[in-house]
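Here's run-v6.cif, which has mmCIF, C-alpha atoms:
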data_model
#
loop_
_atom_site.label_atom_id
_atom_site.label_comp_id
_atom_site.auth_asym_id
_atom_site.auth_seq_id
_atom_site.Cartn_x
_atom_site.Cartn_y
_atom_site.Cartn_z
CA MET A 6 73.67 -122.45 -53.81
CA PRO A 7 72.75 -122.92 -57.47
CA GLN A 8 69.89 -120.65 -58.43
CA PRO A 9 67.83 -123.40 -60.14
CA SER A 10 67.81 -125.36 -56.85
CA VAL A 11 66.50 -122.33 -54.98
CA MET A 12 63.78 -121.74 -57.55
CA ARG A 13 62.64 -125.36 -57.43
CA ASP A 14 62.49 -125.26 -53.65
CA ASN A 15 60.80 -121.89 -53.17
CA GLY A 16 57.78 -123.53 -51.59
CA ARG A 17 59.95 -125.36 -49.09
CA VAL A 18 61.90 -122.20 -48.28
CA ASN A 19 58.70 -120.25 -47.64
CA ASP A 20 57.35 -123.06 -45.48
CA ALA A 21 60.56 -123.13 -43.45
CA LYS A 22 60.44 -119.36 -42.96
CA SER A 23 56.81 -119.60 -41.82
CA ARG A 24 57.70 -122.23 -39.25
CA VAL A 25 60.60 -120.15 -37.97
CA ALA A 26 58.42 -117.04 -37.79
CA GLY A 27 55.73 -118.91 -35.90
CA ALA A 28 58.28 -120.16 -33.41
CA THR A 29 59.63 -116.64 -32.91
CA GLU A 30 56.14 -115.36 -32.10
CA GLN A 31 56.02 -117.86 -29.23
CA GLY A 32 58.92 -116.07 -27.57
CA SER A 33 62.71 -116.22 -27.69
CA ARG A 34 64.45 -119.12 -25.99
CA LEU A 35 67.63 -117.21 -25.20
CA TYR A 36 67.72 -117.97 -21.48
CA PRO A 37 65.66 -121.09 -20.71
CA ARG A 38 68.00 -122.66 -18.11
CA VAL A 39 71.34 -122.30 -16.37
CA THR A 40 73.31 -121.64 -19.52
CA SER A 41 76.90 -122.05 -20.63
CA PHE A 42 77.12 -118.49 -21.95
CA ARG A 43 77.36 -115.10 -20.32
CA SER A 44 74.65 -112.51 -20.76
CA ARG A 45 76.18 -109.64 -22.73
CA ARG A 46 74.52 -106.51 -24.00
CA GLY A 47 75.63 -104.62 -27.06
CA ALA A 48 74.02 -102.15 -29.39
CA LEU A 49 74.34 -102.47 -33.14
CA THR A 50 75.91 -99.73 -35.20
CA ASP A 51 73.71 -98.18 -37.88
CA PRO A 52 75.38 -100.18 -40.69
CA GLN A 53 75.03 -103.39 -38.65
CA GLN A 54 71.35 -102.70 -38.00
CA GLN A 55 70.75 -102.05 -41.69
CA THR A 56 72.42 -105.34 -42.62
CA TRP A 57 70.45 -107.11 -39.90
CA ASP A 58 67.18 -105.74 -41.24
CA ARG A 59 68.02 -106.91 -44.76
CA LEU A 60 69.32 -110.41 -43.99
CA TRP A 61 67.79 -111.61 -40.73
CA PRO A 62 64.30 -112.34 -42.10
CA GLU A 63 65.84 -114.66 -44.69
CA ILE A 64 68.81 -116.34 -43.00
CA GLY A 65 68.36 -115.72 -39.27
CA ALA A 66 66.00 -116.94 -36.57
CA ASP A 67 65.63 -117.15 -32.80
CA VAL A 68 65.97 -120.56 -31.20
CA SER A 69 62.62 -122.24 -30.53
CA ASP A 70 60.95 -125.58 -29.84
CA ALA A 71 59.92 -126.01 -33.48
CA PRO A 72 61.79 -128.66 -35.50
CA LEU A 73 63.92 -127.00 -38.15
CA ASP A 74 63.45 -127.88 -41.81
CA VAL A 75 67.12 -127.51 -42.72
CA ALA A 76 66.76 -128.43 -46.39
CA GLY A 77 63.86 -126.02 -46.77
CA TRP A 78 65.74 -123.17 -45.08
CA PHE A 79 68.82 -123.62 -47.27
CA GLY A 80 66.86 -124.55 -50.36
CA ARG A 81 68.86 -127.73 -50.89
CA GLU A 82 69.83 -131.10 -49.42
CA ALA A 83 73.46 -131.02 -48.29
CA PRO A 84 75.72 -132.12 -45.43
CA THR A 85 74.91 -129.99 -42.38
CA ILE A 86 77.50 -128.62 -39.95
CA VAL A 87 76.62 -126.75 -36.76
CA GLU A 88 78.97 -124.27 -35.10
CA ILE A 89 78.17 -123.60 -31.45
CA GLY A 90 79.25 -120.15 -30.28
CA SER A 91 80.24 -118.53 -33.56
CA GLY A 92 81.28 -115.23 -31.92
CA THR A 93 81.86 -112.58 -34.56
CA GLY A 94 81.84 -115.23 -37.28
CA THR A 95 85.42 -114.94 -38.52
CA ALA A 96 85.95 -118.71 -38.55
CA THR A 97 82.37 -119.33 -39.67
CA ALA A 98 82.69 -117.24 -42.82
CA ALA A 99 86.11 -118.63 -43.75
CA MET A 100 85.11 -122.25 -43.27
CA ALA A 101 81.84 -121.76 -45.15
CA LYS A 102 83.77 -120.47 -48.14
CA ALA A 103 86.05 -123.53 -47.92
CA GLU A 104 83.02 -125.86 -47.78
CA PRO A 105 80.55 -124.67 -50.43
CA HIS A 106 79.09 -128.18 -50.57
CA ALA A 107 77.91 -127.97 -46.93
CA ASN A 108 75.11 -126.17 -45.09
CA LEU A 109 76.53 -124.31 -42.06
CA ILE A 110 74.35 -123.30 -39.11
CA ALA A 111 75.98 -120.80 -36.73
CA ILE A 112 74.55 -120.55 -33.20
CA GLU A 113 75.34 -117.52 -31.04
CA VAL A 114 73.64 -115.40 -28.36
CA TYR A 115 75.62 -112.17 -28.80
CA ARG A 116 73.68 -109.99 -31.27
CA PRO A 117 76.58 -107.70 -32.31
CA GLY A 118 78.63 -110.81 -33.10
CA LEU A 119 75.85 -112.17 -35.27
CA ALA A 120 75.56 -108.78 -36.96
CA GLN A 121 79.25 -108.90 -37.88
CA LEU A 122 78.74 -112.35 -39.36
CA LEU A 123 75.76 -111.10 -41.37
CA GLN A 124 77.94 -108.29 -42.71
CA ALA A 125 80.57 -110.82 -43.82
CA ILE A 126 77.91 -112.98 -45.46
CA GLU A 127 76.60 -110.00 -47.41
CA ARG A 128 80.01 -108.56 -48.25
CA ASP A 129 81.45 -111.86 -49.53
CA SER A 130 78.19 -113.26 -50.95
CA ILE A 131 78.37 -116.44 -48.85
CA PRO A 132 75.25 -118.49 -49.65
CA ASN A 133 75.65 -121.49 -47.33
CA ILE A 134 75.32 -119.99 -43.81
CA ARG A 135 72.22 -119.67 -41.66
CA VAL A 136 72.26 -118.22 -38.13
CA LEU A 137 70.33 -119.03 -34.96
CA ARG A 138 70.29 -116.81 -31.87
CA GLY A 139 69.90 -118.59 -28.56
CA ASP A 140 70.89 -121.65 -26.55
CA ALA A 141 72.64 -124.35 -28.59
CA VAL A 142 71.36 -127.06 -26.27
CA ASP A 143 67.80 -126.08 -27.20
CA VAL A 144 68.75 -126.33 -30.87
CA LEU A 145 70.17 -129.82 -30.43
CA GLU A 146 67.31 -131.01 -28.24
CA ASN A 147 64.34 -129.57 -30.11
CA MET A 148 65.24 -128.30 -33.57
CA LEU A 149 67.49 -130.99 -35.04
CA GLY A 150 66.74 -134.69 -35.37
CA PRO A 151 68.88 -137.73 -34.55
CA GLU A 152 71.75 -138.43 -36.97
CA SER A 153 71.00 -135.26 -38.92
CA LEU A 154 74.41 -133.59 -38.68
CA THR A 155 77.64 -134.18 -40.55
CA GLY A 156 79.65 -132.18 -38.05
CA VAL A 157 79.62 -130.01 -34.94
CA ARG A 158 82.21 -127.33 -34.13
CA VAL A 159 82.79 -125.74 -30.72
CA PHE A 160 85.65 -123.25 -30.80
CA PHE A 161 86.83 -121.59 -27.57
CA PRO A 162 83.78 -122.19 -25.36
CA ASP A 163 83.66 -120.23 -22.11
CA PRO A 164 85.80 -122.24 -19.62
CA TRP A 165 84.00 -120.98 -16.52
CA PRO A 166 87.23 -121.52 -14.55
CA LYS A 167 85.85 -121.20 -11.00
CA ALA A 168 84.81 -124.54 -9.54
CA ARG A 169 81.41 -123.23 -8.48
CA HIS A 170 80.70 -122.33 -12.11
CA HIS A 171 81.68 -125.67 -13.65
CA LYS A 172 78.00 -126.61 -13.89
CA ARG A 173 77.71 -123.90 -16.55
CA ARG A 174 80.28 -125.49 -18.82
CA LEU A 175 78.81 -126.49 -22.15
CA LEU A 176 81.01 -129.50 -22.82
CA GLN A 177 80.24 -132.13 -20.23
CA GLY A 178 78.76 -135.62 -20.32
CA PRO A 179 75.09 -134.89 -21.19
CA THR A 180 76.03 -132.46 -23.96
CA PHE A 181 78.48 -134.92 -25.50
CA LYS A 182 75.73 -137.53 -25.51
CA LEU A 183 73.31 -135.10 -27.15
CA ILE A 184 75.85 -134.07 -29.80
CA ALA A 185 76.72 -137.71 -30.49
CA GLU A 186 73.07 -138.59 -30.97
CA ARG A 187 72.64 -135.75 -33.49
CA LEU A 188 75.73 -136.73 -35.50
CA MET A 189 75.36 -139.18 -38.36
CA PRO A 190 77.60 -142.28 -38.23
CA GLY A 191 81.06 -141.09 -39.24
CA GLY A 192 80.17 -137.49 -38.34
CA VAL A 193 82.74 -135.34 -36.54
CA LEU A 194 82.89 -133.18 -33.42
CA HIS A 195 85.76 -130.64 -33.47
CA VAL A 196 86.61 -128.67 -30.32
CA ALA A 197 89.31 -126.05 -29.74
CA THR A 198 90.21 -124.38 -26.43
CA ASP A 199 93.02 -122.27 -25.00
CA HIS A 200 92.23 -123.24 -21.40
CA ALA A 201 94.43 -126.15 -20.24
CA GLU A 202 92.25 -127.37 -17.38
CA TYR A 203 89.09 -127.17 -19.47
CA ALA A 204 90.87 -129.09 -22.24
CA GLU A 205 91.47 -131.96 -19.80
CA TRP A 206 87.84 -131.78 -18.66
CA ILE A 207 86.62 -131.83 -22.27
CA ALA A 208 88.87 -134.73 -23.24
CA GLU A 209 87.73 -136.83 -20.28
CA ALA A 210 84.04 -136.16 -20.90
CA GLY A 211 84.30 -136.72 -24.65
CA ASN A 212 86.29 -139.92 -24.35
CA ALA A 213 83.70 -141.28 -21.91
CA GLU A 214 80.89 -141.00 -24.49
CA PRO A 215 80.49 -144.49 -26.04
CA LEU A 216 79.11 -143.14 -29.33
CA LEU A 217 82.30 -141.13 -29.97
CA THR A 218 85.83 -142.24 -30.73
CA PRO A 219 88.87 -139.91 -30.59
CA LEU A 220 90.53 -139.04 -33.90
CA ASP A 221 94.23 -138.25 -34.25
CA TRP A 222 94.60 -134.48 -34.65
CA GLU A 223 98.15 -134.72 -36.01
CA ASP A 224 97.09 -137.08 -38.80
CA LEU A 225 94.11 -134.87 -39.68
CA ALA A 226 96.24 -131.70 -39.66
CA GLN A 227 98.84 -133.11 -42.04
CA GLY A 228 96.56 -133.72 -44.97
CA PRO A 229 93.39 -135.33 -46.37
CA ALA A 230 91.80 -137.85 -44.05
CA ASP A 231 88.64 -139.88 -43.78
CA SER A 232 86.61 -136.99 -42.43
CA PRO A 233 83.45 -135.38 -43.83
CA MET A 234 84.54 -131.80 -43.08
CA THR A 235 87.62 -129.60 -43.05
CA HIS A 236 89.58 -129.13 -39.82
CA GLU A 237 91.59 -126.07 -40.79
CA ARG A 238 90.59 -122.98 -38.83
CA PRO A 239 91.54 -119.37 -39.51
CA VAL A 240 93.39 -117.76 -36.61
CA THR A 241 91.02 -115.27 -35.01
CA LYS A 242 91.88 -112.17 -32.94
CA PHE A 243 90.88 -114.08 -29.83
CA GLU A 244 93.27 -116.91 -30.66
CA ASN A 245 96.06 -114.46 -31.46
CA LYS A 246 95.70 -112.90 -28.01
CA ALA A 247 95.86 -116.33 -26.37
CA GLN A 248 99.03 -117.20 -28.24
CA GLN A 249 100.64 -113.86 -27.40
CA VAL A 250 100.31 -114.55 -23.67
CA GLY A 251 101.58 -118.11 -24.04
CA ARG A 252 98.34 -120.08 -23.79
CA PRO A 253 98.60 -123.13 -26.07
CA ILE A 254 95.64 -124.13 -28.22
CA THR A 255 94.30 -127.65 -27.74
CA GLU A 256 92.45 -129.28 -30.64
CA LEU A 257 90.16 -132.22 -29.84
CA ILE A 258 88.32 -134.24 -32.48
CA TRP A 259 85.96 -137.19 -32.20
CA GLY A 260 84.17 -139.26 -34.80
CA LYS A 261 80.72 -140.81 -34.39
CA VAL A 262 81.10 -144.58 -34.29
CA ARG A 263 79.79 -146.45 -37.30
CA ALA A 264 77.38 -149.34 -36.84
#
Mind turning the file's structure into C-alpha cells?
Amino acid sequence: MPQPSVMRDNGRVNDAKSRVAGATEQGSRLYPRVTSFRSRRGALTDPQQQTWDRLWPEIGADVSDAPLDVAGWFGREAPTIVEIGSGTGTATAAMAKAEPHANLIAIEVYRPGLAQLLQAIERDSIPNIRVLRGDAVDVLENMLGPESLTGVRVFFPDPWPKARHHKRRLLQGPTFKLIAERLMPGGVLHVATDHAEYAEWIAEAGNAEPLLTPLDWEDLAQGPADSPMTHERPVTKFENKAQQVGRPITELIWGKVRA
C-alpha cells in the first residue's frame, strides 16, 4: 500500500491492532463447534518461527468475536476478498500480487501453512495480505459485517467423503447464506474442488441460495468479464497431484444478486 496512506492511518492501524490483541487475550476460537477442518499438529522450523515472530503481531491474528476494522488493519479503504482455507498460501500470494488494489484476508487453521504464507509475504514484499487463524464461520458471523466483502474464495475444501461426516462439510446451505449476506451486491464467490460428489453437493447448495446467481465459468475463463476480482488461480502442488491421478477440477462461481 502507498506509504503516505499508511502514515495518515497510523492511528487506525494501532486501534485495529489493539482490538485484535484484546480479542486474542479472551482466548482462541480455533475449535468452537463441529468444524469443517481437521485438527492437525505441526511444528514450525526455526526460520518459520522467526518469520512468524516478526510478522504475526502486525498482519496476523486469531479469530475472535470482536468485529474487525478491515480498513484500519490494512491502513486503507479497498475492496476486500476473503480466502477460506488458504493452506500454504501458494494461491493466496500469487493472487494478491495480481490484485494490488484489493485487501486479501486469508483464513487457515494450520499454523505451518500460515507460516509458509508469512514467509512468502516477507520474501516477495506483498503488502495487501492479512491472515486469521481459526474457524472461517466465526469470521463471517462475528468479525465481518453485512455486504462488506467484494469476494470470497474457497479452494479445495475438505470433502469429508463419508456420509456420516457430511455434517462437517463447510459448503452447505447455512454457509452459503452467510457468505451471500457478507458479499456486497455484485460480489463473487469462487469455489474449486477435485471431488466430483462434493462438487455436485456444492452446486446444489449454492444454486439453492436466493441471494446468489451462478456465473458462467467458461465465459469468465476466456477473458475480462463483469466481475470485481480475478478468477485465474495458480496450479498448486495439491492440484497437480489431483490431476496426475485423473481427478478433474470443478470450478464454481456465483455472483451476489443486485437489488
Take the point (81.2, -140.0, -23.9) as written in the file and pick out every residue within 9 Å of it, counting only C-alpha atoms; give the list as a PDB file with C-alpha atoms, in the coordinates of the input.
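Printed below is out-v3.pdb as written:
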ATOM      1  CA  GLN A 177      80.240-132.130 -20.230  1.00  0.00           C
ATOM      2  CA  GLY A 178      78.760-135.620 -20.320  1.00  0.00           C
ATOM      3  CA  PRO A 179      75.090-134.890 -21.190  1.00  0.00           C
ATOM      4  CA  PHE A 181      78.480-134.920 -25.500  1.00  0.00           C
ATOM      5  CA  LYS A 182      75.730-137.530 -25.510  1.00  0.00           C
ATOM      6  CA  ALA A 185      76.720-137.710 -30.490  1.00  0.00           C
ATOM      7  CA  GLU A 209      87.730-136.830 -20.280  1.00  0.00           C
ATOM      8  CA  ALA A 210      84.040-136.160 -20.900  1.00  0.00           C
ATOM      9  CA  GLY A 211      84.300-136.720 -24.650  1.00  0.00           C
ATOM     10  CA  ASN A 212      86.290-139.920 -24.350  1.00  0.00           C
ATOM     11  CA  ALA A 213      83.700-141.280 -21.910  1.00  0.00           C
ATOM     12  CA  GLU A 214      80.890-141.000 -24.490  1.00  0.00           C
ATOM     13  CA  PRO A 215      80.490-144.490 -26.040  1.00  0.00           C
ATOM     14  CA  LEU A 216      79.110-143.140 -29.330  1.00  0.00           C
ATOM     15  CA  LEU A 217      82.300-141.130 -29.970  1.00  0.00           C
ATOM     16  CA  THR A 218      85.830-142.240 -30.730  1.00  0.00           C
TER      17      THR A 218
END
Apply the PyMOL selection byres ((chain A and resi 159) around 12) to the file shown and report the selected residues as a PDB file with C-alpha atoms, in the frame of the given file.
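Output saved as expr_26.pdb:
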ATOM      1  CA  ILE A  86      77.500-128.620 -39.950  1.00  0.00           C
ATOM      2  CA  VAL A  87      76.620-126.750 -36.760  1.00  0.00           C
ATOM      3  CA  GLU A  88      78.970-124.270 -35.100  1.00  0.00           C
ATOM      4  CA  ILE A  89      78.170-123.600 -31.450  1.00  0.00           C
ATOM      5  CA  GLY A  90      79.250-120.150 -30.280  1.00  0.00           C
ATOM      6  CA  SER A  91      80.240-118.530 -33.560  1.00  0.00           C
ATOM      7  CA  GLY A  92      81.280-115.230 -31.920  1.00  0.00           C
ATOM      8  CA  ALA A  96      85.950-118.710 -38.550  1.00  0.00           C
ATOM      9  CA  THR A  97      82.370-119.330 -39.670  1.00  0.00           C
ATOM     10  CA  ALA A 111      75.980-120.800 -36.730  1.00  0.00           C
ATOM     11  CA  ILE A 112      74.550-120.550 -33.200  1.00  0.00           C
ATOM     12  CA  GLU A 113      75.340-117.520 -31.040  1.00  0.00           C
ATOM     13  CA  ALA A 141      72.640-124.350 -28.590  1.00  0.00           C
ATOM     14  CA  GLY A 156      79.650-132.180 -38.050  1.00  0.00           C
ATOM     15  CA  VAL A 157      79.620-130.010 -34.940  1.00  0.00           C
ATOM     16  CA  ARG A 158      82.210-127.330 -34.130  1.00  0.00           C
ATOM     17  CA  PHE A 160      85.650-123.250 -30.800  1.00  0.00           C
ATOM     18  CA  PHE A 161      86.830-121.590 -27.570  1.00  0.00           C
ATOM     19  CA  PRO A 162      83.780-122.190 -25.360  1.00  0.00           C
ATOM     20  CA  ASP A 163      83.660-120.230 -22.110  1.00  0.00           C
ATOM     21  CA  LEU A 175      78.810-126.490 -22.150  1.00  0.00           C
ATOM     22  CA  LEU A 176      81.010-129.500 -22.820  1.00  0.00           C
ATOM     23  CA  THR A 180      76.030-132.460 -23.960  1.00  0.00           C
ATOM     24  CA  PHE A 181      78.480-134.920 -25.500  1.00  0.00           C
ATOM     25  CA  ILE A 184      75.850-134.070 -29.800  1.00  0.00           C
ATOM     26  CA  VAL A 193      82.740-135.340 -36.540  1.00  0.00           C
ATOM     27  CA  LEU A 194      82.890-133.180 -33.420  1.00  0.00           C
ATOM     28  CA  HIS A 195      85.760-130.640 -33.470  1.00  0.00           C
ATOM     29  CA  VAL A 196      86.610-128.670 -30.320  1.00  0.00           C
ATOM     30  CA  ALA A 197      89.310-126.050 -29.740  1.00  0.00           C
ATOM     31  CA  THR A 198      90.210-124.380 -26.430  1.00  0.00           C
ATOM     32  CA  ILE A 207      86.620-131.830 -22.270  1.00  0.00           C
ATOM     33  CA  HIS A 236      89.580-129.130 -39.820  1.00  0.00           C
ATOM     34  CA  ARG A 238      90.590-122.980 -38.830  1.00  0.00           C
ATOM     35  CA  GLU A 256      92.450-129.280 -30.640  1.00  0.00           C
ATOM     36  CA  LEU A 257      90.160-132.220 -29.840  1.00  0.00           C
ATOM     37  CA  ILE A 258      88.320-134.240 -32.480  1.00  0.00           C
ATOM     38  CA  TRP A 259      85.960-137.190 -32.200  1.00  0.00           C
TER      39      TRP A 259
END
TODO: Measuring atom to atom with only C-alpha atoms, identify which of A:Thr95, A:Thr155, A:Gln124, A:Ser69 is nearest to Gln53 in chain A.
DONE: A:Gln124
Open item on the list: Can you measure CA of Gly94 in chain A to CA of Ala71 in chain A for me? One decimal in Å is fine.
Closed with: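 The value is 24.7 Å.
Here CA of Arg169 in chain A stands at a distance of 20.1 Å from CA of Ala208 in chain A.
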Task: Point-to-point distance from CA of Asn108 in chain A to CA of Pro164 in chain A, Å rounded to tenths - done: 27.9 Å
Open item on the list: Calculated over all atoms listed in the file, which of the candidates A:Gly65, A:Gly150, A:Gly260, A:Pro166 has the smallest distance to Trp222 in chain A?
Closed with: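 Among the listed residues, A:Gly260 lies closest to Trp222 in chain A.
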